[in-house]
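To start, the structure under review is shown below, and the notes come after it.
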Amino acid sequence: MRVLPPVEWRDRARAHRDRIDQLVGPYLRHRASGSTHPVIDFLFTYYGHKPAQLRRWHPGFGAGLADAPGYVGARGYHQLTVADGLVVATADPAFLAKRRDTIEFVARLLRATAARPAQLSCFGLHEWAMVYRSDEVRHSVPLRLGRSGTDAVVESMALRCTHFDAYRFFTPEAVGRNTVALTRDDQPLREQPGCLHANMDLYKWGFKLVPLISSELLTVCFELACAARELDMCASPYDLTDYGYEPVAIETPAGRAEYARAQSALAERATPLRARLLHACEELLDAASAPLR
């Protein structure tokens with residue numbers, strides 16, 4: 001175990017909080033004013049990892065924090081006495097054992113996703129399929145093309161969604177239009193690295209493993225999720241110009257080409273993060289299997 005002295009880990013924790021505050025500032029300002037935001041809120045409502053949780057810095061499994069009373073009793077931590085009687089706070093092996101099934105699932109999913117070629121032909125139509133032939137909308141903003149125009153776009157192209165957690169929100173009329181019927185059990189067989197939501201979900205898998213992975217890794221996954229969410233909503237059927245977002249008009253050839261380029265760039269950005277997260281999972285599983293000393 002590497003023991004981090006107070007001056008080191010407190011500096012890293014402070015830098016982490018500053019970085020997160022810049023990222024979550026818009027969300028907190030909207031929340032403080034009592035207003036909602038159709039793009040940003042998703043990162044905290046759907047994913048459920050709150051800003052206060054994201055701000056708390058963690059070194060990851062195998063590191064000990066000297067003079068860290070604030071971590072004593074925190075979820076996933078315990079106290080350990082090391083050389084010269086020094087008491088440190090560190091991620092608890094018992095918590096690792098409790099999370100082993102989750103880590104194994106995440107590792108399998110990441111490994112399977114990474115092994116497939118990226119598919120870049122969905123054009124973000126999942127958001128359109130969520131309002132297809134429906135009187136309801138998921139956000140309190142108007143549809144850019146109106147209802148009939150939105151339905152016409154869905155009917156003009158094939159739905160090629162590979163991500164179950166997008167597909168499960170399709171309207172009943174849209175479900176049958178997808179090229180493949182998706183199920184939760186089939187998720188590891190369908191996820192592919194070009195999918196915007198599969199790449200966004202690297203953040204979800206990361207925070208499920210806190211405090212066993214480092215906050216540095218979680219933060220870069222969160223930054224990717226922020227960028228992916230912005231593209232997701234710019235390509236959606238909603239008119240977000242009042243919020244400062246220019247549409248990616250996927251109903252046109254130029255818009256589809258723009259979306260595919262941006263989707264490809266995000267997939268390239270996600271590739272090393274997926275590898276890092278998978279490596280962290282494998283190291284955790286090795287640690288969980290190691291005999292106690």
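Labeling convention for the structure tokens: chains A, B, ... as they appear, residues from 1 per chain, ligands from 1 in order of appearance.
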| request: Write out as number ranges by chain which residues come within 12 Å of Glu155 in chain A when counting only C-alpha atoms, dropping same-chain ones fewer than 2 positions away. | output: A: 125, 128-129, 132-133, 148-153, 157-159, 173-174, 176-178, 251
Compile a residue-level contact table for range 73-159 of chain A against range 205-224 of chain A at a cut-off of 7 Å, reporting for every qualifying residue the shortest atom pair and its distance in Å to one decimal, with only C-alpha atoms counted, rows ordered by chain and ascending number, as a tab-separated table.
```
residue	atom	partner	partner_atom	distance
A:Gly76	CA	A:Pro211	CA	6.3
A:Ala91	CA	A:Leu212	CA	6.4
A:Val106	CA	A:Trp205	CA	6.6
```
Residues from last step as file, N, CA and C atoms, as a compact mmCIF listing (two decimals), in the first residue's frame:
```txt
# COMPACT_ATOMS: atom_id res chain seq x y z
N GLY A 76 -17.36 2.68 2.18
CA GLY A 76 -16.30 1.98 1.48
C GLY A 76 -14.92 2.13 2.10
N ALA A 91 -9.57 2.33 1.24
CA ALA A 91 -10.73 1.57 0.76
C ALA A 91 -10.73 0.19 1.40
N VAL A 106 -19.26 -5.32 -14.90
CA VAL A 106 -18.72 -4.16 -15.62
C VAL A 106 -17.55 -4.58 -16.49
```
### Query
Thr113 in chain A: which residues within 6 Å, counting only C-alpha atoms, same-chain residues fewer than 3 positions away excluded, as JSON, numbers by chain?
{"A": [110, 116, 191, 192, 193]}
Worksheet item: Which residues come within 8 Å of range 97-104 of chain A, counting only C-alpha atoms, excluding same-chain residues fewer than 6 positions away, as a VMD selection string?
Response: chain A and resid 209 281 284 to 285 288
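Here the question is which of A:Phe42, A:Phe164, A:Phe61, A:Tyr47 gets nearest to Met1 in chain A using only C-alpha atoms, and that residue is A:Phe61.
Interatomic distance, CA of Ile250 in chain A to CA of Ser236 in chain A: 8.3 Å.
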One decimal place gives the CA of Pro5 in chain A-CA of Leu65 in chain A separation as 6.6 Å
Close residues, Val3 in chain A itself excluded, 9 Å, only C-alpha atoms, min 4 positions apart in chain, as a ChimeraX atom specification:
/A:62-66,82,88
Print the selection's residues with all heavy atoms to a file, as a compact mmCIF listing (two decimals), in the first residue's frame.
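Ended up saving to result13.txt:
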```
# COMPACT_ATOMS: atom_id res chain seq x y z
N GLY A 62 -6.02 0.52 -2.61
CA GLY A 62 -4.59 0.30 -2.46
C GLY A 62 -3.81 1.51 -2.02
O GLY A 62 -2.58 1.42 -1.86
N ALA A 63 -4.48 2.64 -1.83
CA ALA A 63 -3.82 3.85 -1.33
C ALA A 63 -4.39 4.20 0.04
O ALA A 63 -5.59 4.05 0.27
CB ALA A 63 -4.01 5.01 -2.29
N GLY A 64 -3.52 4.63 0.93
CA GLY A 64 -3.94 5.02 2.27
C GLY A 64 -3.75 6.51 2.47
O GLY A 64 -2.77 7.10 1.99
N LEU A 65 -4.67 7.14 3.18
CA LEU A 65 -4.61 8.58 3.45
C LEU A 65 -4.25 8.80 4.91
O LEU A 65 -4.99 8.40 5.81
CB LEU A 65 -5.96 9.24 3.15
CG LEU A 65 -6.52 9.02 1.74
CD1 LEU A 65 -7.87 9.71 1.59
CD2 LEU A 65 -5.55 9.53 0.69
N ALA A 66 -3.11 9.42 5.12
CA ALA A 66 -2.68 9.73 6.48
C ALA A 66 -3.41 10.97 6.98
O ALA A 66 -3.66 11.91 6.22
CB ALA A 66 -1.17 9.96 6.52
N VAL A 82 -0.59 0.97 9.88
CA VAL A 82 0.54 0.53 9.06
C VAL A 82 1.84 0.72 9.85
O VAL A 82 1.83 0.77 11.08
CB VAL A 82 0.57 1.31 7.72
CG1 VAL A 82 -0.65 0.94 6.88
CG2 VAL A 82 0.61 2.81 7.94
N VAL A 88 -4.19 5.04 8.91
CA VAL A 88 -4.59 5.63 7.64
C VAL A 88 -6.02 5.21 7.32
O VAL A 88 -6.53 4.20 7.82
CB VAL A 88 -3.65 5.20 6.49
CG1 VAL A 88 -2.23 5.64 6.77
CG2 VAL A 88 -3.72 3.70 6.25
```
Could you list, as a PDB file with all heavy atoms, in the first residue's frame, every residue within 10 Å of Tyr245 in chain A, counting only C-alpha atoms and ignoring same-chain residues fewer than 5 positions away?
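The result, stored in part_30.pdb:
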```pdb
ATOM      1  N   VAL A  39     -30.558  19.762 -20.899  1.00  0.00           N
ATOM      2  CA  VAL A  39     -29.330  19.076 -21.294  1.00  0.00           C
ATOM      3  C   VAL A  39     -28.536  18.643 -20.066  1.00  0.00           C
ATOM      4  O   VAL A  39     -28.185  17.468 -19.909  1.00  0.00           O
ATOM      5  CB  VAL A  39     -28.459  19.979 -22.210  1.00  0.00           C
ATOM      6  CG1 VAL A  39     -27.162  19.263 -22.585  1.00  0.00           C
ATOM      7  CG2 VAL A  39     -29.233  20.374 -23.455  1.00  0.00           C
ATOM      8  N   GLU A 230     -24.185  16.627 -24.694  1.00  0.00           N
ATOM      9  CA  GLU A 230     -24.425  17.808 -25.518  1.00  0.00           C
ATOM     10  C   GLU A 230     -24.713  17.419 -26.967  1.00  0.00           C
ATOM     11  O   GLU A 230     -25.669  17.918 -27.572  1.00  0.00           O
ATOM     12  CB  GLU A 230     -23.227  18.754 -25.451  1.00  0.00           C
ATOM     13  CG  GLU A 230     -23.440  20.039 -26.229  1.00  0.00           C
ATOM     14  CD  GLU A 230     -22.366  21.069 -25.972  1.00  0.00           C
ATOM     15  OE1 GLU A 230     -21.779  21.076 -24.875  1.00  0.00           O
ATOM     16  OE2 GLU A 230     -22.125  21.893 -26.892  1.00  0.00           O
ATOM     17  N   LEU A 231     -23.899  16.517 -27.530  1.00  0.00           N
ATOM     18  CA  LEU A 231     -24.163  16.059 -28.891  1.00  0.00           C
ATOM     19  C   LEU A 231     -25.512  15.347 -28.961  1.00  0.00           C
ATOM     20  O   LEU A 231     -26.280  15.540 -29.914  1.00  0.00           O
ATOM     21  CB  LEU A 231     -23.048  15.126 -29.362  1.00  0.00           C
ATOM     22  CG  LEU A 231     -23.262  14.483 -30.744  1.00  0.00           C
ATOM     23  CD1 LEU A 231     -23.377  15.551 -31.828  1.00  0.00           C
ATOM     24  CD2 LEU A 231     -22.138  13.504 -31.059  1.00  0.00           C
ATOM     25  N   MET A 233     -28.232  15.819 -27.334  1.00  0.00           N
ATOM     26  CA  MET A 233     -29.376  16.714 -27.351  1.00  0.00           C
ATOM     27  C   MET A 233     -29.359  17.678 -28.535  1.00  0.00           C
ATOM     28  O   MET A 233     -30.411  18.088 -29.017  1.00  0.00           O
ATOM     29  CB  MET A 233     -29.448  17.472 -26.033  1.00  0.00           C
ATOM     30  CG  MET A 233     -29.800  16.573 -24.851  1.00  0.00           C
ATOM     31  SD  MET A 233     -31.346  15.659 -25.090  1.00  0.00           S
ATOM     32  CE  MET A 233     -32.537  16.993 -24.935  1.00  0.00           C
ATOM     33  N   CYS A 234     -28.176  18.032 -29.025  1.00  0.00           N
ATOM     34  CA  CYS A 234     -28.126  18.862 -30.236  1.00  0.00           C
ATOM     35  C   CYS A 234     -28.716  18.116 -31.429  1.00  0.00           C
ATOM     36  O   CYS A 234     -29.300  18.722 -32.338  1.00  0.00           O
ATOM     37  CB  CYS A 234     -26.689  19.290 -30.528  1.00  0.00           C
ATOM     38  SG  CYS A 234     -26.073  20.591 -29.437  1.00  0.00           S
ATOM     39  N   ASP A 239     -35.964  21.817 -29.836  1.00  0.00           N
ATOM     40  CA  ASP A 239     -35.418  23.122 -30.184  1.00  0.00           C
ATOM     41  C   ASP A 239     -34.766  23.710 -28.942  1.00  0.00           C
ATOM     42  O   ASP A 239     -35.448  24.180 -28.029  1.00  0.00           O
ATOM     43  CB  ASP A 239     -36.543  24.039 -30.687  1.00  0.00           C
ATOM     44  CG  ASP A 239     -36.026  25.388 -31.170  1.00  0.00           C
ATOM     45  OD1 ASP A 239     -34.829  25.680 -30.961  1.00  0.00           O
ATOM     46  OD2 ASP A 239     -36.814  26.158 -31.745  1.00  0.00           O
ATOM     47  N   LEU A 240     -33.442  23.690 -28.913  1.00  0.00           N
ATOM     48  CA  LEU A 240     -32.694  24.125 -27.740  1.00  0.00           C
ATOM     49  C   LEU A 240     -31.941  25.430 -27.991  1.00  0.00           C
ATOM     50  O   LEU A 240     -31.020  25.765 -27.250  1.00  0.00           O
ATOM     51  CB  LEU A 240     -31.712  23.025 -27.327  1.00  0.00           C
ATOM     52  CG  LEU A 240     -32.357  21.701 -26.909  1.00  0.00           C
ATOM     53  CD1 LEU A 240     -31.301  20.610 -26.786  1.00  0.00           C
ATOM     54  CD2 LEU A 240     -33.117  21.852 -25.601  1.00  0.00           C
TER      55      LEU A 240
END
```
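Using only C-alpha atoms for every distance, the candidate list A:Gln53, A:Ile20, A:Ala198, A:Leu143 yields A:Leu143 as the residue closest to Pro247 in chain A.
For the residues A:Pro38, A:Ala287, A:Asp11, A:Gly124, ranking by smallest atom-to-atom distance to Asp92 in chain A using only C-alpha atoms places A:Ala287 first.
Reported to one decimal place, the separation of CA of Gln187 in chain A from CA of Leu109 in chain A is 8.0 Å.
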Selection near Ala262 in chain A, 10 Å with only C-alpha atoms, sequence-local residues under 2 positions removed, as a list of chain:residue names
A:Leu120, A:Leu196, A:Ala227, A:Ala228, A:Leu231, A:Arg256, A:Ala257, A:Glu258, A:Tyr259, A:Ala260, A:Ser264, A:Ala265, A:Leu266, A:Ala267, A:Glu268
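If you measure from each of A:Thr90, A:Thr36, A:Asn199, A:Ser121 to Arg160 in chain A using only C-alpha atoms, the closest one turns out to be A:Ser121.
Using only C-alpha atoms, the nearest neighbour of Asp67 in chain A within the list A:Leu96, A:Leu278, A:Ala32, A:Val7 is A:Val7.
With only C-alpha atoms as the atoms that count, the minimum distance from Phe169 in chain A to the choices A:Arg138, A:Arg31, A:His279, A:Arg274 is reached by A:Arg138.
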Problem - DSSP-assigned alpha helix (DSSP H) among range 62-227 of chain A, expressed as a VMD selection string - result: chain A and resid 93 to 98 100 to 114 126 to 129 146 to 156 164 to 167 172 to 175 187 to 190 196 to 208 215 to 227
